[in-house]
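Peer 1: Sharing structure-v9.txt below, compact mmCIF, C-alpha atoms (C1' of nucleotides):
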# COMPACT_ATOMS: atom_id res chain seq x y z
CA MET Q 266 26.02 -17.35 -49.30
CA ALA Q 267 24.01 -19.71 -51.48
CA GLN Q 268 21.68 -21.85 -49.40
CA ILE Q 269 23.01 -25.08 -50.76
CA VAL Q 270 26.57 -24.11 -49.84
CA GLU Q 271 25.39 -23.12 -46.41
CA ASN Q 272 23.71 -26.50 -46.09
CA ILE Q 273 26.93 -28.29 -46.99
CA SER Q 274 28.95 -26.06 -44.67
CA LYS Q 275 27.04 -27.37 -41.70
CA ILE Q 276 28.86 -30.65 -42.19
CA VAL Q 277 32.11 -29.99 -44.10
CA THR Q 278 34.10 -26.79 -44.64
CA LEU Q 279 34.54 -25.61 -48.21
CA THR Q 280 37.01 -22.95 -49.35
CA PRO Q 281 35.58 -20.07 -51.38
CA GLN Q 282 37.07 -21.64 -54.51
CA GLU Q 283 35.44 -24.95 -53.73
CA GLN Q 284 32.15 -23.22 -53.12
CA ALA Q 285 32.38 -21.52 -56.47
CA LEU Q 286 33.33 -24.75 -58.20
CA PHE Q 287 30.44 -26.53 -56.58
CA LEU Q 288 27.94 -23.86 -57.59
CA SER Q 289 29.25 -23.80 -61.14
CA LYS Q 290 28.18 -27.43 -61.47
CA THR Q 291 24.62 -26.81 -60.34
CA GLU Q 292 21.66 -25.23 -62.00
CA THR Q 293 18.84 -23.38 -60.23
CA LYS Q 294 15.30 -23.52 -61.51
CA ASN Q 295 11.92 -22.16 -60.53
CA TYR Q 296 8.90 -24.39 -60.79
CA LYS Q 297 5.20 -23.70 -60.51
CA ALA Q 298 3.11 -25.69 -58.07
CA LYS Q 299 1.91 -29.06 -59.46
CA THR Q 300 4.85 -29.47 -61.82
CA ILE Q 301 6.07 -33.04 -62.00
CA ILE Q 302 9.84 -32.83 -62.31
CA LEU Q 303 10.41 -36.58 -62.38
CA ASN Q 304 8.01 -39.24 -63.64
CA ALA Q 305 7.92 -42.90 -62.72
CA GLY Q 306 9.45 -44.86 -65.57
CA GLU Q 307 12.06 -42.21 -66.25
CA VAL Q 308 15.72 -42.38 -65.28
CA CYS Q 309 16.51 -39.88 -62.53
CA LYS Q 310 19.36 -37.66 -63.69
CA HIS Q 311 19.60 -35.20 -60.79
CA SER Q 312 19.65 -34.72 -57.08
CA TYR Q 313 17.30 -31.92 -56.10
CA PHE Q 314 17.94 -29.43 -53.31
CA VAL Q 315 15.06 -27.17 -52.23
CA ASN Q 316 15.91 -23.48 -51.85
CA SER Q 317 12.31 -22.56 -51.19
CA GLY Q 318 8.91 -24.14 -51.52
CA LEU Q 319 7.87 -27.73 -51.06
CA LEU Q 320 8.23 -30.96 -53.05
CA ARG Q 321 7.30 -34.57 -52.50
CA SER Q 322 8.17 -37.97 -53.93
CA PHE Q 323 5.61 -40.75 -54.28
CA THR Q 324 4.71 -43.95 -56.11
CA ILE Q 325 1.46 -44.99 -57.70
CA ASN Q 326 0.52 -48.64 -57.45
CA ASP Q 327 -1.72 -50.73 -59.70
CA ASN Q 328 -4.89 -49.54 -57.99
CA ILE Q 329 -4.06 -45.92 -58.72
CA VAL Q 330 -3.27 -45.27 -55.06
CA GLU Q 331 -0.46 -42.83 -54.26
CA HIS Q 332 2.07 -43.54 -51.53
CA VAL Q 333 4.21 -40.65 -50.33
CA LEU Q 334 7.84 -41.58 -49.74
CA SER Q 335 9.02 -38.16 -48.66
CA PHE Q 336 8.38 -34.47 -48.42
CA ALA Q 337 11.15 -31.92 -48.92
CA CYS Q 338 10.92 -28.32 -47.86
CA GLU Q 339 13.55 -25.57 -47.67
CA GLY Q 340 16.99 -27.01 -47.06
CA TRP Q 341 16.12 -30.61 -47.90
CA TRP Q 342 17.30 -32.91 -50.68
CA ILE Q 343 14.99 -35.10 -52.72
CA GLY Q 344 15.08 -37.41 -55.72
CA ASP Q 345 14.77 -41.05 -56.68
CA MET Q 346 17.89 -42.55 -55.19
CA TYR Q 347 17.30 -45.99 -56.66
CA SER Q 348 17.04 -44.64 -60.16
CA LEU Q 349 19.81 -42.10 -59.69
CA LEU Q 350 22.29 -44.74 -58.53
CA SER Q 351 21.32 -47.50 -60.93
CA GLN Q 352 20.46 -45.22 -63.85
CA LYS Q 353 17.49 -47.46 -64.49
CA PRO Q 354 13.86 -46.29 -64.76
CA GLY Q 355 12.46 -45.65 -61.29
CA ASN Q 356 9.07 -45.95 -59.61
CA LEU Q 357 8.99 -42.52 -58.07
CA PHE Q 358 7.34 -39.30 -59.11
CA VAL Q 359 8.78 -36.04 -57.80
CA GLU Q 360 6.20 -33.28 -57.66
CA VAL Q 361 6.45 -29.60 -56.82
CA MET Q 362 3.69 -28.84 -54.31
CA GLU Q 363 4.16 -25.08 -53.99
CA ASP Q 364 5.94 -22.65 -56.31
CA SER Q 365 9.55 -23.56 -55.55
CA GLU Q 366 13.16 -22.75 -56.28
CA VAL Q 367 15.20 -25.89 -56.74
CA VAL Q 368 18.91 -26.54 -57.25
CA LEU Q 369 19.68 -29.37 -59.65
CA LEU Q 370 22.90 -31.35 -59.39
CA SER Q 371 23.35 -33.86 -62.20
CA LYS Q 372 24.69 -37.31 -61.45
CA GLU Q 373 27.72 -36.72 -63.69
CA ASN Q 374 28.58 -33.45 -61.97
CA GLN Q 375 28.04 -35.01 -58.58
CA GLU Q 376 30.55 -37.71 -59.45
CA LYS Q 377 33.03 -35.25 -60.86
CA LEU Q 378 32.73 -33.25 -57.67
CA TYR Q 379 33.51 -36.30 -55.58
CA THR Q 380 36.97 -36.44 -57.15
CA GLU Q 381 37.52 -32.69 -57.41
CA ILE Q 382 36.40 -32.03 -53.83
CA PRO Q 383 36.83 -35.23 -51.80
CA LYS Q 384 35.20 -33.58 -48.80
CA LEU Q 385 31.91 -33.86 -50.66
CA GLU Q 386 32.21 -37.60 -50.50
CA ARG Q 387 32.07 -37.14 -46.75
CA PHE Q 388 29.19 -34.71 -46.96
CA PHE Q 389 27.03 -37.04 -48.99
CA ARG Q 390 28.06 -40.01 -46.88
CA ILE Q 391 26.78 -38.25 -43.78
CA LEU Q 392 23.66 -36.99 -45.53
CA THR Q 393 22.87 -40.53 -46.64
CA GLU Q 394 23.61 -41.96 -43.21
CA ASN Q 395 21.15 -39.59 -41.59
CA SER Q 396 18.59 -40.39 -44.20
CA LEU Q 397 19.04 -44.11 -43.59
CA VAL Q 398 18.63 -43.71 -39.85
CA ALA Q 399 15.41 -41.74 -40.35
CA ASN Q 400 14.14 -44.35 -42.78
CA GLN Q 401 14.90 -47.24 -40.47
CA GLU Q 402 13.01 -45.53 -37.70
CA ARG Q 403 10.04 -44.91 -39.96
CA LEU Q 404 10.08 -48.54 -41.05
CA MET Q 405 10.11 -49.80 -37.47
CA ASP Q 406 7.37 -47.34 -36.58
CA ASN Q 407 5.23 -48.74 -39.37
CA LEU Q 408 5.75 -52.23 -38.01
CA SER Q 409 5.13 -51.47 -34.36
CA LEU Q 410 2.97 -48.37 -33.91
CA THR Q 411 -0.70 -47.69 -34.57
CA ALA Q 412 -1.75 -45.09 -37.13
CA GLU Q 413 -2.54 -42.72 -34.28
CA GLU Q 414 0.93 -43.03 -32.79
CA ARG Q 415 2.56 -42.57 -36.17
CA PHE Q 416 0.53 -39.42 -36.69
CA GLU Q 417 1.58 -38.04 -33.31
CA LYS Q 418 5.22 -38.68 -34.15
CA PHE Q 419 4.77 -37.00 -37.50
CA CYS Q 420 3.29 -33.93 -35.84
CA LYS Q 421 6.23 -33.64 -33.46
CA LYS Q 422 8.82 -34.27 -36.13
CA TYR Q 423 7.43 -32.06 -38.89
CA PRO Q 424 5.24 -29.41 -37.22
CA THR Q 425 5.62 -26.98 -40.12
CA LEU Q 426 4.49 -29.51 -42.71
CA ILE Q 427 1.12 -30.00 -41.06
CA GLN Q 428 0.10 -26.48 -42.01
CA LYS Q 429 1.27 -26.77 -45.58
CA VAL Q 430 0.50 -30.29 -46.74
CA PRO Q 431 -3.02 -31.42 -47.72
CA GLN Q 432 -4.06 -33.92 -45.10
CA LYS Q 433 -4.66 -36.74 -47.57
CA GLN Q 434 -0.93 -36.67 -48.24
CA ILE Q 435 -0.06 -36.86 -44.59
CA ALA Q 436 -2.43 -39.83 -44.46
CA SER Q 437 -0.54 -41.39 -47.33
CA TYR Q 438 2.82 -40.74 -45.65
CA ILE Q 439 1.83 -42.43 -42.43
CA GLY Q 440 0.15 -45.23 -44.32
CA VAL Q 441 -3.63 -44.90 -43.99
CA THR Q 442 -6.49 -43.88 -46.28
CA PRO Q 443 -7.72 -40.27 -46.25
CA GLU Q 444 -11.09 -41.47 -44.90
CA PHE Q 445 -9.58 -43.26 -41.96
CA PHE Q 446 -7.27 -40.35 -41.31
CA SER Q 447 -10.22 -37.99 -41.15
CA LYS Q 448 -12.04 -40.21 -38.67
CA MET Q 449 -8.89 -40.59 -36.58
CA LYS Q 450 -8.36 -36.82 -36.50
CA ALA Q 451 -11.93 -36.25 -35.30
CA ARG Q 452 -11.33 -38.82 -32.57
CA LEU Q 453 -8.12 -37.09 -31.48
CA LEU Q 454 -9.79 -33.67 -31.36
CA LYS Q 455 -12.37 -34.93 -28.89
CA LYS Q 456 -9.63 -35.60 -26.36
CA MET L 112 42.52 -62.32 -48.82
CA ALA L 113 40.45 -61.43 -45.76
CA GLN L 114 36.75 -61.50 -46.57
CA ILE L 115 36.16 -57.98 -45.38
CA VAL L 116 38.91 -56.65 -47.64
CA GLU L 117 37.48 -58.60 -50.52
CA ASN L 118 34.10 -57.07 -49.75
CA ILE L 119 35.55 -53.58 -49.86
CA SER L 120 37.51 -54.35 -53.02
CA LYS L 121 34.29 -54.94 -54.91
CA ILE L 122 33.70 -51.19 -54.67
CA VAL L 123 37.05 -49.44 -54.17
CA THR L 124 40.62 -50.60 -54.81
CA LEU L 125 42.96 -50.77 -51.84
CA THR L 126 46.74 -51.16 -52.04
CA PRO L 127 48.27 -54.01 -50.02
CA GLN L 128 49.45 -51.44 -47.46
CA GLU L 129 45.98 -49.99 -47.14
CA GLN L 130 44.52 -53.44 -46.74
CA ALA L 131 46.96 -54.19 -43.95
CA LEU L 132 46.24 -50.86 -42.27
CA PHE L 133 42.54 -51.50 -42.48
CA LEU L 134 42.80 -54.98 -41.01
CA SER L 135 45.05 -53.74 -38.20
CA LYS L 136 42.17 -51.55 -37.04
CA THR L 137 39.69 -54.38 -36.88
CA GLU L 138 39.21 -57.22 -34.50
CA THR L 139 37.76 -60.62 -35.35
CA LYS L 140 35.66 -62.55 -32.87
CA ASN L 141 33.81 -65.84 -32.72
CA TYR L 142 30.41 -65.92 -31.11
CA LYS L 143 28.17 -68.79 -30.12
CA ALA L 144 24.58 -68.87 -31.34
CA LYS L 145 22.18 -66.82 -29.22
CA THR L 146 24.81 -64.37 -28.03
CA ILE L 147 23.51 -60.81 -27.83
CA ILE L 148 26.39 -58.61 -28.94
CA LEU L 149 24.47 -55.35 -28.58
CA ASN L 150 21.62 -54.60 -26.19
CA ALA L 151 18.95 -51.95 -26.53
CA GLY L 152 19.81 -49.10 -24.20
CA GLU L 153 23.54 -49.44 -24.86
CA VAL L 154 25.62 -47.19 -27.07
CA CYS L 155 26.73 -48.98 -30.22
CA LYS L 156 30.52 -48.80 -30.48
CA HIS L 157 31.16 -50.93 -33.56
CA SER L 158 30.15 -51.76 -37.05
CA TYR L 159 29.89 -55.52 -37.47
CA PHE L 160 30.88 -57.42 -40.62
CA VAL L 161 29.87 -61.08 -40.87
CA ASN L 162 32.62 -63.47 -42.01
CA SER L 163 30.45 -66.50 -41.44
CA GLY L 164 27.21 -67.35 -39.69
CA LEU L 165 24.11 -65.25 -39.27
CA LEU L 166 23.07 -62.27 -37.15
CA ARG L 167 19.98 -60.13 -36.85
CA SER L 168 19.00 -56.78 -35.39
CA PHE L 169 15.62 -56.18 -33.78
CA THR L 170 13.67 -54.01 -31.35
CA ILE L 171 11.35 -55.04 -28.57
CA ASN L 172 8.33 -52.82 -27.99
CA ASP L 173 6.28 -52.32 -24.82
CA ASN L 174 4.19 -55.42 -25.41
CA ILE L 175 7.30 -57.61 -25.52
CA VAL L 176 6.92 -58.09 -29.25
CA GLU L 177 10.10 -58.33 -31.32
CA HIS L 178 10.45 -56.57 -34.66
CA VAL L 179 13.28 -57.64 -36.92
CA LEU L 180 15.00 -54.75 -38.67
CA SER L 181 17.58 -56.79 -40.55
CA PHE L 182 19.33 -60.08 -41.02
CA ALA L 183 23.02 -60.27 -41.88
CA CYS L 184 24.71 -63.35 -43.23
CA GLU L 185 28.16 -63.87 -44.74
CA GLY L 186 29.47 -60.72 -46.34
CA TRP L 187 26.91 -58.34 -44.79
CA TRP L 188 27.32 -55.48 -42.35
CA ILE L 189 25.09 -54.93 -39.36
CA GLY L 190 24.81 -52.68 -36.31
CA ASP L 191 22.67 -49.94 -34.82
CA MET L 192 23.37 -47.06 -37.13
CA TYR L 193 21.37 -44.55 -35.12
CA SER L 194 23.30 -45.29 -31.97
CA LEU L 195 26.63 -45.60 -33.73
CA LEU L 196 26.29 -42.19 -35.35
CA SER L 197 24.78 -40.33 -32.42
CA GLN L 198 26.67 -42.23 -29.71
CA LYS L 199 23.43 -42.27 -27.76
CA PRO L 200 21.72 -45.38 -26.36
CA GLY L 201 19.89 -47.21 -29.13
CA ASN L 202 16.73 -49.28 -29.42
CA LEU L 203 18.23 -52.20 -31.26
CA PHE L 204 19.47 -55.58 -30.14
CA VAL L 205 22.02 -57.37 -32.29
CA GLU L 206 21.89 -61.12 -31.85
CA VAL L 207 24.05 -63.92 -33.21
CA MET L 208 21.67 -66.54 -34.61
CA GLU L 209 24.22 -69.20 -35.56
CA ASP L 210 27.81 -69.69 -34.39
CA SER L 211 29.48 -66.85 -36.28
CA GLU L 212 32.76 -65.16 -37.03
CA VAL L 213 32.39 -61.41 -36.93
CA VAL L 214 34.76 -58.54 -37.71
CA LEU L 215 34.41 -55.54 -35.39
CA LEU L 216 35.32 -52.06 -36.53
CA SER L 217 35.10 -49.46 -33.80
CA LYS L 218 33.63 -46.05 -34.50
CA GLU L 219 36.94 -44.35 -33.62
CA ASN L 220 38.91 -46.58 -35.93
CA GLN L 221 36.35 -46.16 -38.65
CA GLU L 222 36.72 -42.39 -38.42
CA LYS L 223 40.50 -42.56 -38.33
CA LEU L 224 40.38 -44.73 -41.42
CA TYR L 225 38.26 -42.15 -43.24
CA THR L 226 41.16 -39.69 -43.03
CA GLU L 227 43.95 -42.23 -43.48
CA ILE L 228 42.30 -43.91 -46.47
CA PRO L 229 39.88 -41.45 -48.06
CA LYS L 230 38.70 -44.12 -50.48
CA LEU L 231 36.90 -45.70 -47.52
CA GLU L 232 34.73 -42.64 -47.29
CA ARG L 233 33.54 -43.57 -50.76
CA PHE L 234 33.14 -47.22 -49.85
CA PHE L 235 30.92 -46.48 -46.89
CA ARG L 236 29.02 -43.83 -48.81
CA ILE L 237 28.11 -46.37 -51.46
CA LEU L 238 27.35 -49.05 -48.87
CA THR L 239 25.00 -46.66 -47.09
CA GLU L 240 23.40 -45.53 -50.35
CA ASN L 241 22.57 -49.12 -51.27
CA SER L 242 21.24 -49.74 -47.84
CA LEU L 243 19.02 -46.67 -48.06
CA VAL L 244 17.62 -47.73 -51.42
CA ALA L 245 16.77 -51.17 -50.05
CA ASN L 246 15.17 -49.62 -47.00
CA GLN L 247 13.08 -47.23 -49.02
CA GLU L 248 11.83 -50.09 -51.13
CA ARG L 249 10.95 -52.12 -48.05
CA LEU L 250 9.11 -49.15 -46.59
CA MET L 251 7.06 -48.62 -49.73
CA ASP L 252 6.35 -52.34 -49.90
CA ASN L 253 5.02 -52.22 -46.36
CA LEU L 254 2.73 -49.37 -47.35
CA SER L 255 1.44 -50.83 -50.59
CA LEU L 256 1.72 -54.63 -50.65
CA THR L 257 -0.19 -57.34 -48.79
CA ALA L 258 1.62 -59.66 -46.38
CA GLU L 259 1.50 -62.37 -49.03
CA GLU L 260 3.18 -60.18 -51.61
CA ARG L 261 5.84 -59.09 -49.15
CA PHE L 262 6.55 -62.70 -48.34
CA GLU L 263 6.93 -63.58 -52.02
CA LYS L 264 9.36 -60.72 -52.47
CA PHE L 265 11.30 -61.84 -49.43
CA CYS L 266 11.59 -65.36 -50.83
CA LYS L 267 12.94 -64.09 -54.14
CA LYS L 268 15.32 -61.65 -52.54
CA TYR L 269 16.72 -63.83 -49.76
CA PRO L 270 16.25 -67.45 -50.86
CA THR L 271 19.05 -68.71 -48.64
CA LEU L 272 17.62 -67.11 -45.51
CA ILE L 273 14.38 -69.04 -45.76
CA GLN L 274 16.20 -72.26 -44.97
CA LYS L 275 18.14 -70.82 -42.07
CA VAL L 276 15.82 -68.42 -40.25
CA PRO L 277 13.01 -69.59 -37.94
CA GLN L 278 9.81 -68.65 -39.63
CA LYS L 279 8.54 -66.51 -36.78
CA GLN L 280 11.41 -64.18 -37.51
CA ILE L 281 10.59 -63.98 -41.18
CA ALA L 282 7.05 -63.17 -40.05
CA SER L 283 8.44 -60.40 -37.89
CA TYR L 284 10.59 -59.05 -40.73
CA ILE L 285 7.68 -58.81 -43.13
CA GLY L 286 5.47 -57.41 -40.40
CA VAL L 287 2.90 -60.03 -39.38
CA THR L 288 2.37 -62.30 -36.37
CA PRO L 289 3.73 -65.87 -36.43
CA GLU L 290 0.15 -67.21 -36.28
CA PHE L 291 -0.97 -65.25 -39.29
CA PHE L 292 2.22 -66.17 -41.13
CA SER L 293 1.54 -69.84 -40.54
CA LYS L 294 -1.99 -69.53 -41.84
CA MET L 295 -0.79 -67.60 -44.86
CA LYS L 296 1.88 -70.20 -45.63
CA ALA L 297 -0.68 -73.01 -45.51
CA ARG L 298 -2.88 -71.01 -47.89
CA LEU L 299 0.03 -70.50 -50.30
CA LEU L 300 0.93 -74.21 -50.27
CA LYS L 301 -2.55 -75.14 -51.43
CA LYS L 302 -2.00 -73.27 -54.69
C1' DA P 56 -18.83 -14.43 -60.26
C1' DC P 57 -19.35 -19.08 -61.47
C1' DA P 58 -18.49 -23.66 -62.54
C1' DA P 59 -15.63 -27.58 -61.98
C1' DG P 60 -12.92 -29.94 -59.66
C1' DC P 61 -10.49 -31.17 -55.33
C1' DA P 62 -10.20 -31.96 -50.35
C1' DC P 63 -12.49 -33.23 -46.39
C1' DT P 64 -16.19 -35.57 -43.62
C1' DT P 65 -19.41 -39.09 -42.16
C1' DA P 66 -21.37 -43.51 -42.01
C1' DA P 67 -22.40 -48.30 -43.30
C1' DT P 68 -20.23 -52.35 -44.35
C1' DG P 69 -16.15 -55.42 -45.41
C1' DT P 70 -11.63 -57.71 -44.55
C1' DA P 71 -6.67 -58.46 -43.67
C1' DG P 72 -4.47 -59.50 -40.14
C1' DG P 73 -4.33 -59.68 -34.70
C1' DT P 74 -5.38 -62.16 -30.31
C1' DT P 75 -6.08 -65.93 -27.42
C1' DA P 76 -5.63 -70.48 -26.47
C1' DA P 77 -4.41 -75.20 -26.84
C1' DG P 78 -2.09 -78.97 -28.93
C1' DA P 79 1.58 -81.02 -32.07
C1' DA P 80 6.17 -81.07 -33.75
C1' DA P 81 10.80 -79.98 -33.53
C1' DT P 82 15.04 -78.43 -30.96
C1' DT P 83 17.97 -78.19 -27.14
C1' DA P 84 19.68 -79.34 -22.78
C1' DT P 85 20.65 -82.84 -19.23
C1' DA C 295 16.86 -91.16 -24.02
C1' DT C 296 14.07 -87.99 -21.76
C1' DA C 297 12.58 -83.74 -20.11
C1' DA C 298 12.28 -78.94 -21.08
C1' DT C 299 11.85 -75.42 -24.07
C1' DT C 300 10.88 -73.38 -28.23
C1' DT C 301 8.62 -73.33 -32.72
C1' DC C 302 4.79 -74.19 -35.53
C1' DT C 303 -0.13 -75.09 -36.44
C1' DT C 304 -5.07 -74.65 -36.11
C1' DA C 305 -9.27 -72.51 -34.95
C1' DA C 306 -12.59 -69.29 -32.89
C1' DC C 307 -13.20 -64.74 -32.24
C1' DC C 308 -11.78 -59.68 -32.48
C1' DT C 309 -10.32 -55.00 -34.31
C1' DA C 310 -7.84 -51.53 -36.85
C1' DC C 311 -8.17 -50.01 -40.86
C1' DA C 312 -10.11 -50.31 -45.91
C1' DT C 313 -13.88 -49.70 -49.14
C1' DT C 314 -17.84 -47.67 -50.99
C1' DA C 315 -20.79 -44.07 -51.28
C1' DA C 316 -22.90 -39.69 -50.60
C1' DG C 317 -22.70 -35.06 -49.12
C1' DT C 318 -20.23 -30.57 -47.83
C1' DG C 319 -17.10 -27.34 -48.19
C1' DC C 320 -12.77 -25.32 -50.54
C1' DT C 321 -9.78 -23.91 -54.34
C1' DT C 322 -8.67 -22.86 -58.90
C1' DG C 323 -9.31 -21.53 -63.35
C1' DT C 324 -12.00 -18.84 -66.69
For the structure just supplied, provide its representation as structure tokens.
Peer 2:
Amino acid sequence: MAQIVENISKIVTLTPQEQALFLSKTETKNYKAKTIILNAGEVCKHSYFVNSGLLRSFTINDNIVEHVLSFACEGWWIGDMYSLLSQKPGNLFVEVMEDSEVVLLSKENQEKLYTEIPKLERFFRILTENSLVANQERLMDNLSLTAEERFEKFCKKYPTLIQKVPQKQIASYIGVTPEFFSKMKARLLKK
Amino acid sequence: MAQIVENISKIVTLTPQEQALFLSKTETKNYKAKTIILNAGEVCKHSYFVNSGLLRSFTINDNIVEHVLSFACEGWWIGDMYSLLSQKPGNLFVEVMEDSEVVLLSKENQEKLYTEIPKLERFFRILTENSLVANQERLMDNLSLTAEERFEKFCKKYPTLIQKVPQKQIASYIGVTPEFFSKMKARLLKK
DNA sequence: ACAAGCACTTAATGTAGGTTAAGAAATTAT
DNA sequence: ATAATTTCTTAACCTACATTAAGTGCTTGT
């Protein structure tokens, strides 16, 4: 069964016909590492589901500093939700970090699917709810924990990512500079 | 028309029967200022919709410091989404800041309503999507903007709240101490 | 195989924002 | 009205993290 269908089936049950209909509205692409599949300033036209590989979304502020919003590895969704919903130019870049296979679901098809398969409305509601909960926790963590504590949480939550992601991007995700992250890591290793 | 129904009608259209069904599953309560309607450590059983008044949700960390996650005034929803979804004890307090009229929708009724009125699935999907977008923006702002810039954004985004909310809680929302906030405000007034 | 660029480290110095403490102003309760 | 409590301000001092800079590995492309 297609991975994306399997992913959906963890939350709502689709008939074989519905599965086929769903898949017919998606498009699967392979990207080389370092490909930017969405640029800041562009309107986001798709939701992206990762079959294999690793992507990330990030912004770049005035001072040319990157800030990672999210990583997405196998089985995760990614995109620029603000831009996708509003259909206005967004602030996010979406970059392919390793050679990856990605399923694209266009906004129009996603909306058609909501009416053709109402269960998908539920699926995406739940997906978004979970995402919101995770985001709220991260926000509160940024307000109340030290960089060291945030890093520890990150390690527990995403153990596989630590192997794969360059550490300057983990630094960016938890909200410190690469230099400080390096120093902090050295400090932690001494313990 | 009931405010909560009006709120829903901005996004999906309900028939009079559906409106009545919806309202029959809710309960409206009046709370005095300073009432805590949800404590950290409890399981959140309801979504709260504010008819009038003002509420907030916040955590308290080890050092007895409060961190405001959100404010909710007239027409806004609030609760502890993590706890509501997982039905596990949460970390959030929900406090009534002014005498308020609040509509309670229990988790069970909310889920019944999803099947009885599928359009509500869409309503809450869209509500959650918007919430997620706002949260993502706030997270990125916390990573990339100074306290001063975050405060300016807050003022533009929630002009009415500035009059109503004690400034130490605005400080908490943007992520600084009340003392630093005070200093920053004095600095801004000089310009 | 080599050069060119990244990613990581280390260290000196700088700063936004935190802490502590004490008093003034504003609310709230009696 | 007055006391009690909470909120806000100010100021001296402190620290987690940023900045700058220079050097050391790694990758990656050719």
Peer 1: What gap, in Å, lies between atom CA of L:Val244 and atom CA of Q:Leu349?
Peer 2: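 That distance, rounded to one decimal, is 10.2 Å.
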Peer 1: Please compute the atom CA of L:Val276-atom CA of Q:Gly440 distance, one decimal, in Å.
Peer 2: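 Pair atom CA of L:Val276 / atom CA of Q:Gly440 returns 28.3 Å.
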Peer 1: At a cut-off of 12 Å, which residues of chain C touch chain Q? Count all atoms listed in the file and give the answer as an mmCIF file with C-alpha atoms (C1' of nucleotides), in the coordinates of the input.
Peer 2:
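Produced file part-v8.cif, reproduced below:
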data_model
loop_
_atom_site.group_PDB
_atom_site.id
_atom_site.type_symbol
_atom_site.label_atom_id
_atom_site.label_comp_id
_atom_site.auth_asym_id
_atom_site.auth_seq_id
_atom_site.Cartn_x
_atom_site.Cartn_y
_atom_site.Cartn_z
ATOM 1 C "C1'" DA C 310 -7.840 -51.530 -36.850
ATOM 2 C "C1'" DC C 311 -8.170 -50.010 -40.860
ATOM 3 C "C1'" DA C 312 -10.110 -50.310 -45.910
ATOM 4 C "C1'" DT C 313 -13.880 -49.700 -49.140
ATOM 5 C "C1'" DT C 314 -17.840 -47.670 -50.990
ATOM 6 C "C1'" DA C 315 -20.790 -44.070 -51.280
ATOM 7 C "C1'" DC C 320 -12.770 -25.320 -50.540
#
Peer 1: Can you tell me which residues surround P:DC63 at a distance of at most 9 Å, considering only C-alpha atoms (C1' of nucleotides), apart from same-chain residues fewer than 3 positions away, and format the answer as a PyMOL selection string?
Peer 2: (chain Q and resi 432-433+443-444+447) or (chain C and resi 318-320)
Peer 1: What is the distance, in Å and to one decimal place, between atom CA of Q:Asn295 and atom CA of Q:Val367?
Peer 2: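 Spanning atom CA of Q:Asn295 to atom CA of Q:Val367 is a straight-line distance of 6.2 Å.
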Peer 1: Give me the chain P side of the contact with chain L, cut-off 12 Å, one line per residue showing its nearest atom pair and distance in Å at one decimal, counting all atoms listed in the file, sorted by chain and residue number, as a tab-separated table.
Peer 2:
residue	atom	partner	partner_atom	distance
P:DA71	C1'	L:Thr257	CA	8.3
P:DG72	C1'	L:Phe291	CA	6.8
P:DG73	C1'	L:Thr288	CA	7.4
P:DT74	C1'	L:Glu290	CA	9.6
P:DT75	C1'	L:Glu290	CA	10.9
P:DA76	C1'	L:Glu290	CA	11.8
P:DA81	C1'	L:Pro277	CA	11.5
P:DT82	C1'	L:Pro277	CA	11.4
Peer 1: Counting all atoms listed in the file, which residues from chain L have an atom at most 10 Å from any atom of chain Q, and could you show them as JSON, numbers by chain?
Peer 2: {"L": [169, 170, 171, 172, 173, 174, 176, 177, 178, 179, 180, 181, 191, 192, 193, 194, 196, 197, 202, 225, 229, 230, 231, 232, 233, 234, 235, 236, 237, 238, 239, 240, 241, 242, 243, 244, 245, 246, 247, 248, 249, 250, 251, 252, 253, 254, 255, 256, 283, 284, 285, 286, 287]}
Peer 1: Near Q:Val308, counting only C-alpha atoms (C1' of nucleotides), which residues have an atom at most 7 Å away, once you skip same-chain residues fewer than 2 positions from it, shown as a JSON list (two decimals) with C-alpha atoms, keeping the file's coordinate frame?
Peer 2:
[["chain", "number", "residue", "atom", "x", "y", "z"],
["Q", 306, "GLY", "CA", 9.45, -44.86, -65.57],
["Q", 310, "LYS", "CA", 19.36, -37.66, -63.69],
["Q", 348, "SER", "CA", 17.04, -44.64, -60.16],
["Q", 349, "LEU", "CA", 19.81, -42.10, -59.69],
["Q", 352, "GLN", "CA", 20.46, -45.22, -63.85],
["Q", 353, "LYS", "CA", 17.49, -47.46, -64.49],
["Q", 354, "PRO", "CA", 13.86, -46.29, -64.76],
["Q", 355, "GLY", "CA", 12.46, -45.65, -61.29]]
